[in-house]
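What follows is a set of notes on a single structure, which appears directly below.
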Amino acid sequence: MNAQTKIFERLANHKTLLATHQSKQKQLEGYVSTTSHYSTRRVFNEISSLSKPIIQYNPLEVWEQDTRSLPRQLVKYRREVREFSIRHLQPLAQKIDLAEHLPVGVSHPDIDKLLKMAAKKGFFSDMLPKPVGSVPLLRYRYPLAWQQAIKVEELARSCGGLMLLLSAHNLGIAPLLMSGDLGAARKFLLPALKENKSGEAHLFAYGITEPAAGSDVEEGHGASLYKPGTVAKRVTGGWKISGRKCFISGGDIAKSITVFAALEGEGIESWTCFLVRNNMPGFSVVRNELKMGMRASAAAELELDNVFVPDDHVIGGLRNGWAINRSILNLSRLPVAAMAVGFAQSATDAAMDFVCRYKLGGKELIHYQETQLELAQMIADTSAIRSLVWQSSQSWVSTQGKSALNKFYCTDLAVKVCKRAMDMMSNHGGLHSNSAEKAFRDARLTQIFEGTNQINRLALIEDIQEQLVSKMS
Amino acid sequence: MFQSLSQSDIISLNDHVARFSERAIAPNFSQPETLVSSDKIELLIDSAFEQGLISTECSEGMGLWVTTEDPLQIQFSCQALRKIASINPGIAYQFHQLALTFYLLRELKNIRAMDITLAGEELPAAVLQGHFGLARYSLVRFLKGAAKAKDFELLSDYFGHRAGQQSTLFAHRDWTHLLSPVMVDHHSSDATIQFEWLERQNLISSTEEHGHGLNELGHYVWQLSSKQSPSNSKAVQRSTLSPAQSRSLYSRVLQMQWMGLSNIALGSLGHAYTLANDYAALRVQGGSTINQHAAVRNLLMDAKSAYSTSLNLIERACQYPIDESSLFEIANIRMKAHPMICQGANQALQVFGGMGYMQDAGMEKIVRDCMQLRLMNGTPIELSLFISELEQCK
């Protein structure tokens with residue numbers, strides 16, 4: 001698209017929105033009309049043409065304005081994901097959230113269908129460029145963290161549970177990518193990506209959390225004192241792993257699980273990543289948790305009872321698991337922040353729809369100033385956290401401090417935005433059909449997983465430890 | 001007639017409520033992830049009647065919300081609701097709502113404004129709120145006798161319960177009648193809030209499959225059907241309150257509702273704090289129990305401080321009768337205390353980490369219930385408008 005075409009497209013959008021606006025001939029109470037001498041819509045048009053390039057009214061919606069601020073390849077990607085999300089996630093969101101809690105091994109038919117579509121769309125192979133993965137080469141110029149942030153935000157905007165269902169897989173394959181173990185990647189990742197691209201979902205899950213260790217597997221000091229619960233014992237030709245992993249996102253439907261286990265007799269410093277298949281003898285999904293939100297995606301408890309794992313299923317070498325895990329957390333916390341942006345946007349959308357539709361005293365709620373103040377705050381908060389995530393994800397290297405601060409700051413603010421949306425809907429805020437309460441329940445998990453927000457605050461301090469120590473007298 | 005209570009009465013009544021809560025209520029709610037059946041809730045309601053906790057008459061002096069004149073009785077109602085809510089906020093709300101409904105019915109009867117006799121199987125519910133919020137400035141202006149034509153117009157819409165204005169209600173699934181306010185004669189100077197006795201079978205109501213909280217009860221969205229619309233007012237029993245009586249009664253029951261909601265939320269926060277504190281003393285991370293970490297201590301203290309501060313505010317209000325002069329203080333408590341309570345419950349959940357997000361830990365339900373209670377009869381935004389107008393009306 002050349003510059004002239006872009007200008008024409010912009011003018012067309014401007015005219016369309018202006019026409020729509022004028023045709024309704026409505027205005028909010030307490031504001032001048034768009035034709036008033038005091039309206040920027042009118043006076044900006046009358047200003048010198050020399051000033052116009054820097055003094056303009058932008059009639060586009062915030063989403064469109066934000067999208068157009070992205071590089072071209074990412075503009076395209078954001079639109080694609082948005083379309084998929086609206087078409088395939090939105091219609092399912094409320095239904096799946098209310099669906100009965102199914103026993104292990106039974107899945108909802110709509111979920112199976114969605115997984116196949118997502119696989120075909122390339123969502124389960126979008127960590128690698130074509131032809132191995134599904135990312136167009138030109139888009140691969142931009143960091144994966146940025147691409148994933150765009151994707152998970154748009155999916156989360158429709159439904160937290162379905163977003164997690166489609167996103168946890170990337171966390172599962174991350175050890176194969178981050179370990180630099182080409183042999184393991186060739187052996188395990190490539191066939192899975194091939195299956196996914198053909199529409200047969202081959203999902204991975206990431207297994208670190210143990211019943212007695214949540215935060216301890218997320219930070220060094222705790223890890224150094226923790227006695228591992230999942231242990232790998234040396235046997236001929238491989239390892240026998242025993243232990244339990246809990247709260248594993250997508251662990252119930254994953255065919256492959258990257259399980260972190262300590263070597264027998266050693267601490268977490270010996271952590272090693274093993275590729276475990278769900279059909280290996282001794283492996284079982286004990287249960288799926290009943291959760292507050294994100295109900296479309298299971299948090300599974302996995303049992304490993306002397307599961308034999310051959311030597312060639314070790315990923316990244318023995319005793320490198322801790323390093324792999326920490327590097328993955330640096331990568332995965334940014335998408336969690338992006339999820340939070342999606343939930344904040346979802347709550348803002350729901351509140352905006354509600355206050356423009358619902359009437360009190362014969363007037364839509366949006367006419368009342370107290371409503372406008374709340375809505376403005378929600379838009380600003382959502383916009384601020386999106387800017388932070390986009391700015392932070394423009395590097396191929398995700399540092400611990402940056403990703404941790406994104407995670408705790410964005411998720412805390414997103415939960416506030418969701419609460420604000422519920423308050424704006426007043427006694428209707430608790431109704432499931434109005435969506436804000438679901439966004440709140442979904443968003444609440446982001447303050448907990450990938451390290452609680454307290455652990456993430458400490459992770460930021462750990463990352464600037466040298467700087468702080470140098471200031472000590 | 002109501003018999004006044006002494007401090008020793010309060011102590012023994014609280015013991016009685018504590019025993020009833022632990023022995024009769026608690027066993028039903030030992031698994032937070034499992035929804036208690038409607039039948040069990042009904043049995044608990046029957047037990048509450050038998051124990052005198054909910055009373056159609058006011059002679060015993062030990063029921064919830066028997067009077068608004070005796071501070072000790074108000075104190076008892078608040079303490080009892082907190083205790084029951086510490087076990088389950090949904091059942092506490094059901095008891096509170098029934099007690100409030102019977103208070104309203106008694107008062108209406110006493111001032112000869114309405115005489116309702118319930119048949120054996122009939123279960124009433126009351127709703128005080130119009131279809132959205134607190135009607136901005138108009139409700140408070142009415143309560144202060146300062147309403148103008150545009151306020152009556154807005155209140156007529158607020159209490160209209162017509163198509164497109166979906167009112168919400170939490171009640172036991174077998175409720176049969178609804179006592180609901182309505183603005184009458186809104187074009188004249190005699191404009192007044194009256195109460196209507198509506199039959200459920202003549203209302204259009206639907207149950208939300210999933211309310212945010214208080215899941216033990218039905219969460220209803222309802223509106224008037226043509227049979228009970230204002231144009232067909234002969235079919236509906238309506239009170240005959242004078243404007244002054246209406247202001248006085250509505251003001252009192254609104255404050256009772258706020259006190260009820262705040263105390264129920266506070267009771268559940270107290271429980272959340274206890275659970276979090278106990279968990280933090282057992283759970284080991286970073287080489288020690290988590291209550292040794294400042295991060296967890298901060299969370300625990302947020303919850304504890306929210307509890308103590310809210311309790312102090314409530315106890316101060318309990319020293320006086322509930323009447324038109326207590327409106328500011330009780331509205332203010334609700335506005336300030338409830339967000340603190342929600343935040344405290346949220347922090348208590350965080351102490352549990354991933355476990356807190358799971359239904360079987362019980363923490364996420366407390367957070368949802370507190371949020372749900374916050375949304376009823378005025379959120380902090382609406383209470384802020386309400387209080388500001390109360391000041392303007394001075």
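In the structure tokens, chains take letters A, B, ... by order of appearance, with residues numbered from 1 within each chain and ligands from 1 in the order shown.
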
According to DSSP computed on the backbone, where in region 78-326 of chain A is there strand (DSSP E or B)? Give the residues as a ChimeraX atom specification.
/A:129,135,204-207,210,213,231-235,238-249,256-263,272-277,283-288,291,299-310,314-315

So that each row is one residue of chain A with an atom at most 6 Å from chain B, can you give its shortest atom pair and the distance in Å to one decimal, using only C-alpha atoms, rows by chain and rising number, as JSON lines?
{"residue": "A:Asp216", "atom": "CA", "partner": "B:Gln285", "partner_atom": "CA", "distance": 5.9}
{"residue": "A:Gly222", "atom": "CA", "partner": "B:Gly286", "partner_atom": "CA", "distance": 3.6}
{"residue": "A:Leu225", "atom": "CA", "partner": "B:Gly287", "partner_atom": "CA", "distance": 5.2}
{"residue": "A:Leu290", "atom": "CA", "partner": "B:Gln359", "partner_atom": "CA", "distance": 5.5}
{"residue": "A:Lys291", "atom": "CA", "partner": "B:Met358", "partner_atom": "CA", "distance": 4.5}
{"residue": "A:Met292", "atom": "CA", "partner": "B:Tyr357", "partner_atom": "CA", "distance": 5.6}
{"residue": "A:Gly361", "atom": "CA", "partner": "B:Leu154", "partner_atom": "CA", "distance": 4.5}
{"residue": "A:Asp423", "atom": "CA", "partner": "B:Thr379", "partner_atom": "CA", "distance": 5.9}
{"residue": "A:Ser426", "atom": "CA", "partner": "B:Leu375", "partner_atom": "CA", "distance": 5.3}
{"residue": "A:Asn427", "atom": "CA", "partner": "B:Leu375", "partner_atom": "CA", "distance": 5.0}
{"residue": "A:Gly430", "atom": "CA", "partner": "B:His212", "partner_atom": "CA", "distance": 4.7}
{"residue": "A:Leu431", "atom": "CA", "partner": "B:Gly211", "partner_atom": "CA", "distance": 5.4}
{"residue": "A:His432", "atom": "CA", "partner": "B:His210", "partner_atom": "CA", "distance": 5.9}
{"residue": "A:Ile448", "atom": "CA", "partner": "B:Gly353", "partner_atom": "CA", "distance": 5.9}

Could those selected residues go to a file with N, CA and C atoms, as an mmCIF file, in the first residue's frame?
data_model
loop_
_atom_site.group_PDB
_atom_site.id
_atom_site.type_symbol
_atom_site.label_atom_id
_atom_site.label_comp_id
_atom_site.auth_asym_id
_atom_site.auth_seq_id
_atom_site.Cartn_x
_atom_site.Cartn_y
_atom_site.Cartn_z
ATOM 1 N N ASP A 216 8.393 -21.583 45.347
ATOM 2 C CA ASP A 216 9.762 -22.106 45.425
ATOM 3 C C ASP A 216 10.331 -22.512 44.070
ATOM 4 N N GLY A 222 14.115 -19.534 47.420
ATOM 5 C CA GLY A 222 13.192 -20.593 47.843
ATOM 6 C C GLY A 222 13.621 -21.932 47.280
ATOM 7 N N LEU A 225 16.286 -23.890 49.053
ATOM 8 C CA LEU A 225 15.926 -24.514 50.335
ATOM 9 C C LEU A 225 14.872 -25.610 50.196
ATOM 10 N N LEU A 290 -11.454 -27.406 40.120
ATOM 11 C CA LEU A 290 -12.607 -26.516 39.941
ATOM 12 C C LEU A 290 -12.108 -25.114 40.248
ATOM 13 N N LYS A 291 -12.159 -24.250 39.240
ATOM 14 C CA LYS A 291 -11.515 -22.944 39.406
ATOM 15 C C LYS A 291 -12.531 -21.802 39.491
ATOM 16 N N MET A 292 -12.023 -20.662 39.943
ATOM 17 C CA MET A 292 -12.841 -19.455 40.020
ATOM 18 C C MET A 292 -13.208 -18.966 38.616
ATOM 19 N N GLY A 361 -33.801 6.999 34.255
ATOM 20 C CA GLY A 361 -34.480 8.284 34.112
ATOM 21 C C GLY A 361 -34.631 8.693 32.661
ATOM 22 N N ASP A 423 -18.647 -2.281 39.135
ATOM 23 C CA ASP A 423 -19.267 -1.174 39.882
ATOM 24 C C ASP A 423 -20.116 -0.295 38.963
ATOM 25 N N SER A 426 -23.405 -1.521 38.486
ATOM 26 C CA SER A 426 -24.160 -1.523 39.734
ATOM 27 C C SER A 426 -24.751 -2.907 40.022
ATOM 28 N N ASN A 427 -26.029 -2.965 40.343
ATOM 29 C CA ASN A 427 -26.638 -4.247 40.706
ATOM 30 C C ASN A 427 -26.683 -5.223 39.525
ATOM 31 N N GLY A 430 -23.089 -8.145 38.668
ATOM 32 C CA GLY A 430 -22.847 -9.547 39.015
ATOM 33 C C GLY A 430 -23.511 -10.520 38.061
ATOM 34 N N LEU A 431 -24.244 -9.997 37.095
ATOM 35 C CA LEU A 431 -24.930 -10.894 36.150
ATOM 36 C C LEU A 431 -23.926 -11.438 35.141
ATOM 37 N N HIS A 432 -23.927 -12.735 34.995
ATOM 38 C CA HIS A 432 -22.991 -13.390 34.083
ATOM 39 C C HIS A 432 -23.149 -12.861 32.665
ATOM 40 N N ILE A 448 -1.844 -14.434 40.168
ATOM 41 C CA ILE A 448 -1.312 -15.590 40.902
ATOM 42 C C ILE A 448 -0.324 -16.415 40.071
#

Determine, counting only C-alpha atoms, which protein, DNA and RNA residues have an atom within 9 Å of an atom of region 192-205 of chain A; residues of the same chain fewer than 6 positions away are not included. Present the result as number ranges by chain.
A: 112, 115-125, 132-134, 168-173, 248-259

Would you mind listing what lies within 12 Å of Ala184 (chain A) as a ChimeraX atom specification, with only C-alpha atoms counted and same-chain residues fewer than 6 positions away left out?
/A:173-178,190-192,258,273-275,311-317

Write out as a PyMOL selection string which residues come within 12 Å of Ile264 (chain B) when counting only C-alpha atoms, dropping same-chain ones fewer than 5 positions away.
chain B and resi 77-97+214+256-259+269-271+307+310-311+314+334+337-338+341-342+366+369-374

At what distance in Å, to one decimal, does CA of Ile86 (chain A) lie from CA of Arg139 (chain A)?
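That distance, rounded to one decimal, is 22.3 Å.
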
From the DSSP assignment of the backbone, select every residue of region 48-82 of chain B that is alpha helix (DSSP H), and format the answer as a ChimeraX atom specification.
/B:48-50,71-82

Tell me, in Å to one decimal, how far CA of Ala163 (chain B) is from CA of Gln27 (chain A).
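Between these atoms lies a distance of 25.0 Å.
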
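Minimum atom-to-atom distance to Leu203 (chain B), evaluated using only C-alpha atoms, belongs to B:Val236 out of B:Ala113, B:Leu383, B:Val236, B:Ile290.
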
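With only C-alpha atoms as the atoms that count, the residue of A:Arg287, A:His108, A:His367, A:Lys130 with the shortest distance to Lys245 (chain A) is A:Arg287.
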
Of the candidates A:Leu114, A:Val43, A:Ala298, A:Ile150, which one gets nearest to Ala93 (chain A) if we count only C-alpha atoms?
A:Leu114

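Each of B:Leu198, B:Ala125, B:Ile111, B:Ala149 was checked against Gln245 (chain B) using only C-alpha atoms; the smallest atom-to-atom distance is that of B:Ile111.
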
Which residues, written as a ChimeraX atom specification, have at least one atom at most 12 Å from region 382-386 of chain A, with only C-alpha atoms counted and residues fewer than 6 positions away on the same chain left out?
/A:62-63,65-67,146,149-150,152-154,157,334-349,375-376,392-393,405-418,420-421
